[in-house]
Amino acid sequence: MMAGSAPSLLADVGGTHTRLALSDGVGRYRAVEVVHTGDFDSAEQAIADYLSQATGGERPGRAMLAVAGPVVGNRVRLTNADWDIDGNELARAFGFRSARLVNDFVAVARSLPLLGDDARAPLGDWAPEPRGAMVALGPGTGLGVAGLVPVGDDGWLPVAGEGGHVTLPVMTDAESAVLAVLRRRVDHVSAERVLSGIGLPALDAAIAVVEGEPPRPDRESEVVLAAARDGEARALRAVGMFVDLLATVAGDLALTFGATGGVYLAGGMPHYLGDLFDHGRFRARFEAKGRSSRYVRRIPTAIVTHPQPGLLGLSALVAE
């Protein structure tokens, strides 16, 4: 940032948390605040609170927001929260020169080339092509997906989409039986329906039905996870199926993008599962692509451990 110029406002807006910061350049952000999205009625209210409380009187010159939903015409309706955000209205309300919205996983994808060895945990061997395409896949409150492809000698182009809402792929008879149960409850079983925070209870309940037992609706994610840690067979099957299905979707994305630069898991669920997230099981299913298995075997995978990849990516996007 040039001396005397104003910082930029960054906001990573998710269904559960909103992260705000000021940025002075690529990889540089400060005054980070993390708030509960549900504590505010709108993005304007959250930003106003942040600017009055956390910035020491500094006024940003522009804003860049990563938002959990499809951006159309610089506007979004959040997928998992009751917020409508219009970038142009934000700019007018706060006097920004501009306020641009991007999909939240565009920001995460843009962060990938900036991650150091201490900001990722490889799943298996780690030998990415230096300028290979990459994929960010985020099983968390929802399921975010974005690609990142090289442009020119050193540039990167994020590819936005709503890949979390593709139809959930299954590969085994057991998964097909579970999918049949889930289809009786919703008209479209998307990947996000299972590979997100609501997925473990859904799998647990569906497996119970398949096995002739009544589902227990009181089993939230924490209950299923605790039961799995205690060795309960059904809960362990639910966790195992979650890992398998996540790996299948990750492998599909690896093929779609030709992601020789790596597929990165950036959502909270792998951390949430902890030692129940079987790395070997994930890689085996990730590579199970028939005639393309040899190709996929070359593609590395990792869990993002950086605490704020969205803000990191936004710092690059707003500088660009």
# chains A, B, ... in the order shown; residues from 1 in each chain; ligands from 1

$ select_by_dssp --residues "region 75-313 of chain A" --states "helix (DSSP H, G or I)" --output "PyMOL selection string"
chain A and resi 87-94+104-114+117-119+163-165+173-183+191-194+199-210+221-229+233-257+269-276+279-286+290-297+309-313

$ select_by_dssp --residues "region 18-206 of chain A" --states "strand (DSSP E or B)" --output "NGL selection string"
:A and (18-25 or 28-36 or 62-67 or 72 or 75-77 or 84-86 or 99-103 or 120-122 or 134-139 or 143-151 or 155-159 or 167 or 190)

$ closest_residue --among "A:Val32, A:Ala206, A:Ala174, A:Ala109" --to "Pro150 (chain A)" --atoms "only C-alpha atoms"
A:Ala109

$ residues_around --residues "Val224 (chain A)" --least-positions-apart "2" --cutoff "8 Å" --atoms "only C-alpha atoms" --output "PyMOL selection string"
chain A and resi 200-201+204+219-222+226-228+235

$ write_last_selection --atoms "N, CA and C atoms" --output "compact mmCIF listing (two decimals), in the first residue's frame"
# COMPACT_ATOMS: atom_id res chain seq x y z
N LEU A 200 -23.56 -35.62 8.63
CA LEU A 200 -23.40 -36.78 9.52
C LEU A 200 -24.73 -37.25 10.10
N PRO A 201 -25.57 -36.36 10.66
CA PRO A 201 -26.87 -36.83 11.14
C PRO A 201 -27.73 -37.44 10.04
N ASP A 204 -26.32 -40.89 9.34
CA ASP A 204 -26.60 -41.75 10.50
C ASP A 204 -28.06 -42.20 10.50
N ARG A 219 -30.03 -37.16 17.32
CA ARG A 219 -28.59 -37.35 17.15
C ARG A 219 -28.03 -36.26 16.23
N GLU A 220 -27.61 -35.17 16.80
CA GLU A 220 -26.95 -34.11 16.04
C GLU A 220 -25.52 -34.54 15.72
N SER A 221 -24.81 -33.71 14.97
CA SER A 221 -23.45 -34.06 14.55
C SER A 221 -22.57 -34.42 15.73
N GLU A 222 -22.66 -33.62 16.80
CA GLU A 222 -21.81 -33.87 17.97
C GLU A 222 -22.11 -35.23 18.59
N ALA A 226 -19.47 -38.25 18.79
CA ALA A 226 -19.13 -38.83 20.09
C ALA A 226 -19.37 -40.33 20.09
N ALA A 227 -20.46 -40.76 19.47
CA ALA A 227 -20.76 -42.19 19.40
C ALA A 227 -19.69 -42.92 18.60
N ALA A 228 -19.23 -42.30 17.51
CA ALA A 228 -18.17 -42.91 16.71
C ALA A 228 -16.89 -43.04 17.51
N ALA A 235 -22.46 -45.32 13.93
CA ALA A 235 -21.83 -44.00 13.81
C ALA A 235 -20.53 -44.10 13.03

$ residues_around --residues "region 241-247 of chain A" --least-positions-apart "5" --cutoff "6 Å" --atoms "only C-alpha atoms" --output "JSON, numbers by chain"
{"A": [282, 285, 286]}

$ residues_around --residues "Pro70 (chain A)" --least-positions-apart "2" --cutoff "9 Å" --atoms "only C-alpha atoms" --output "MDAnalysis selection string"
chainID A and resid 67:68 72 75:79 102:103 160:162

$ atom_distance --atom1 "CA of Gly14 (chain A)" --atom2 "CA of Gly38 (chain A)"
10.0 Å

$ residues_around --residues "Ser8 (chain A)" --least-positions-apart "3" --cutoff "10 Å" --atoms "only C-alpha atoms" --output "NGL selection string"
:A and (1 or 5 or 11 or 21-25 or 29 or 59-64 or 96 or 98-99 or 314-315 or 318-319)

$ atom_distance --atom1 "CA of Leu225 (chain A)" --atom2 "CA of Gly262 (chain A)"
28.3 Å

$ closest_residue --among "A:Glu287, A:Asp275, A:Asp86, A:Glu232" --to "Gly251 (chain A)" --atoms "only C-alpha atoms"
A:Glu287

$ atom_distance --atom1 "CA of Phe94 (chain A)" --atom2 "CA of Ala48 (chain A)"
8.4 Å

$ decode --residues "region 125-241 of chain A" --atoms "C-alpha atoms" --output "mmCIF file, in the first residue's frame"
data_model
loop_
_atom_site.group_PDB
_atom_site.id
_atom_site.type_symbol
_atom_site.label_atom_id
_atom_site.label_comp_id
_atom_site.auth_asym_id
_atom_site.auth_seq_id
_atom_site.Cartn_x
_atom_site.Cartn_y
_atom_site.Cartn_z
ATOM 1 C CA ASP A 125 2.495 -37.676 -0.979
ATOM 2 C CA TRP A 126 2.885 -33.997 -1.760
ATOM 3 C CA ALA A 127 4.360 -33.233 -5.182
ATOM 4 C CA PRO A 128 2.139 -30.666 -6.944
ATOM 5 C CA GLU A 129 2.998 -29.205 -10.325
ATOM 6 C CA PRO A 130 4.161 -25.634 -9.614
ATOM 7 C CA ARG A 131 1.803 -24.094 -12.191
ATOM 8 C CA GLY A 132 -0.869 -26.767 -12.183
ATOM 9 C CA ALA A 133 -4.558 -26.003 -11.771
ATOM 10 C CA MET A 134 -5.922 -26.299 -8.235
ATOM 11 C CA VAL A 135 -9.270 -26.947 -6.565
ATOM 12 C CA ALA A 136 -10.602 -25.684 -3.224
ATOM 13 C CA LEU A 137 -13.313 -27.893 -1.715
ATOM 14 C CA GLY A 138 -14.936 -26.829 1.535
ATOM 15 C CA PRO A 139 -17.085 -29.215 3.561
ATOM 16 C CA GLY A 140 -18.323 -26.984 6.391
ATOM 17 C CA THR A 141 -21.616 -25.179 7.011
ATOM 18 C CA GLY A 142 -22.200 -25.783 3.291
ATOM 19 C CA LEU A 143 -19.990 -27.225 0.573
ATOM 20 C CA GLY A 144 -17.966 -24.616 -1.283
ATOM 21 C CA VAL A 145 -16.158 -25.361 -4.533
ATOM 22 C CA ALA A 146 -13.901 -23.261 -6.763
ATOM 23 C CA GLY A 147 -11.047 -23.827 -9.162
ATOM 24 C CA LEU A 148 -7.860 -21.858 -9.773
ATOM 25 C CA VAL A 149 -6.103 -21.962 -13.130
ATOM 26 C CA PRO A 150 -2.771 -20.404 -14.157
ATOM 27 C CA VAL A 151 -2.767 -17.356 -16.436
ATOM 28 C CA GLY A 152 0.409 -16.145 -18.132
ATOM 29 C CA ASP A 153 3.740 -16.528 -16.383
ATOM 30 C CA ASP A 154 2.645 -15.824 -12.820
ATOM 31 C CA GLY A 155 -1.050 -14.938 -12.734
ATOM 32 C CA TRP A 156 -4.009 -16.926 -11.438
ATOM 33 C CA LEU A 157 -7.670 -16.943 -12.441
ATOM 34 C CA PRO A 158 -10.268 -18.212 -9.926
ATOM 35 C CA VAL A 159 -13.172 -20.133 -11.450
ATOM 36 C CA ALA A 160 -16.414 -19.652 -9.545
ATOM 37 C CA GLY A 161 -19.319 -22.063 -9.491
ATOM 38 C CA GLU A 162 -21.885 -23.819 -7.338
ATOM 39 C CA GLY A 163 -20.242 -27.234 -7.432
ATOM 40 C CA GLY A 164 -21.493 -28.070 -3.950
ATOM 41 C CA HIS A 165 -24.972 -28.466 -5.394
ATOM 42 C CA VAL A 166 -24.147 -31.141 -7.951
ATOM 43 C CA THR A 167 -25.993 -34.423 -7.523
ATOM 44 C CA LEU A 168 -24.313 -36.610 -4.920
ATOM 45 C CA PRO A 169 -22.397 -39.467 -6.599
ATOM 46 C CA VAL A 170 -22.434 -42.952 -5.062
ATOM 47 C CA MET A 171 -20.329 -46.005 -5.907
ATOM 48 C CA THR A 172 -21.458 -48.909 -3.688
ATOM 49 C CA ASP A 173 -24.682 -50.772 -3.003
ATOM 50 C CA ALA A 174 -24.652 -49.522 0.603
ATOM 51 C CA GLU A 175 -24.381 -45.923 -0.585
ATOM 52 C CA SER A 176 -27.158 -46.467 -3.126
ATOM 53 C CA ALA A 177 -29.451 -47.763 -0.368
ATOM 54 C CA VAL A 178 -28.698 -44.727 1.803
ATOM 55 C CA LEU A 179 -29.241 -42.401 -1.156
ATOM 56 C CA ALA A 180 -32.656 -43.981 -1.763
ATOM 57 C CA VAL A 181 -33.668 -43.142 1.813
ATOM 58 C CA LEU A 182 -32.421 -39.568 1.466
ATOM 59 C CA ARG A 183 -34.343 -39.149 -1.805
ATOM 60 C CA ARG A 184 -37.574 -39.817 0.033
ATOM 61 C CA ARG A 185 -36.905 -36.750 2.177
ATOM 62 C CA VAL A 186 -35.676 -34.185 -0.370
ATOM 63 C CA ASP A 187 -36.273 -33.861 -4.093
ATOM 64 C CA HIS A 188 -32.570 -33.431 -4.920
ATOM 65 C CA VAL A 189 -29.788 -35.027 -2.869
ATOM 66 C CA SER A 190 -26.922 -32.697 -3.622
ATOM 67 C CA ALA A 191 -23.353 -33.188 -2.468
ATOM 68 C CA GLU A 192 -23.893 -30.408 0.071
ATOM 69 C CA ARG A 193 -26.829 -32.272 1.651
ATOM 70 C CA VAL A 194 -24.371 -34.899 2.888
ATOM 71 C CA LEU A 195 -20.896 -33.333 2.762
ATOM 72 C CA SER A 196 -21.505 -30.487 5.195
ATOM 73 C CA GLY A 197 -22.382 -29.915 8.829
ATOM 74 C CA ILE A 198 -25.823 -31.489 8.411
ATOM 75 C CA GLY A 199 -24.433 -34.529 6.632
ATOM 76 C CA LEU A 200 -23.400 -36.777 9.518
ATOM 77 C CA PRO A 201 -26.873 -36.828 11.143
ATOM 78 C CA ALA A 202 -28.455 -37.397 7.718
ATOM 79 C CA LEU A 203 -26.166 -40.350 6.999
ATOM 80 C CA ASP A 204 -26.597 -41.748 10.503
ATOM 81 C CA ALA A 205 -30.400 -41.617 10.272
ATOM 82 C CA ALA A 206 -30.498 -43.056 6.747
ATOM 83 C CA ILE A 207 -28.180 -45.945 7.661
ATOM 84 C CA ALA A 208 -30.508 -46.755 10.574
ATOM 85 C CA VAL A 209 -33.487 -46.965 8.210
ATOM 86 C CA VAL A 210 -31.568 -49.166 5.769
ATOM 87 C CA GLU A 211 -30.648 -51.491 8.631
ATOM 88 C CA GLY A 212 -34.249 -51.707 9.849
ATOM 89 C CA GLU A 213 -33.867 -49.496 12.895
ATOM 90 C CA PRO A 214 -35.827 -46.315 13.652
ATOM 91 C CA PRO A 215 -33.758 -43.170 13.078
ATOM 92 C CA ARG A 216 -33.009 -41.088 16.126
ATOM 93 C CA PRO A 217 -33.678 -37.435 15.232
ATOM 94 C CA ASP A 218 -32.002 -36.235 18.425
ATOM 95 C CA ARG A 219 -28.590 -37.346 17.152
ATOM 96 C CA GLU A 220 -26.951 -34.109 16.037
ATOM 97 C CA SER A 221 -23.454 -34.060 14.548
ATOM 98 C CA GLU A 222 -21.814 -33.869 17.971
ATOM 99 C CA VAL A 223 -23.771 -36.908 19.173
ATOM 100 C CA VAL A 224 -22.894 -38.967 16.095
ATOM 101 C CA LEU A 225 -19.242 -37.993 16.378
ATOM 102 C CA ALA A 226 -19.134 -38.826 20.093
ATOM 103 C CA ALA A 227 -20.756 -42.194 19.399
ATOM 104 C CA ALA A 228 -18.169 -42.914 16.711
ATOM 105 C CA ARG A 229 -15.358 -42.072 19.116
ATOM 106 C CA ASP A 230 -16.933 -44.513 21.574
ATOM 107 C CA GLY A 231 -16.840 -47.221 18.916
ATOM 108 C CA GLU A 232 -20.534 -47.433 17.988
ATOM 109 C CA ALA A 233 -20.720 -49.372 14.730
ATOM 110 C CA ARG A 234 -23.485 -47.327 13.066
ATOM 111 C CA ALA A 235 -21.832 -44.003 13.811
ATOM 112 C CA LEU A 236 -18.524 -45.327 12.495
ATOM 113 C CA ARG A 237 -20.272 -46.414 9.290
ATOM 114 C CA ALA A 238 -21.716 -42.904 8.934
ATOM 115 C CA VAL A 239 -18.286 -41.294 9.369
ATOM 116 C CA GLY A 240 -16.709 -43.769 6.956
ATOM 117 C CA MET A 241 -19.365 -43.106 4.336
#
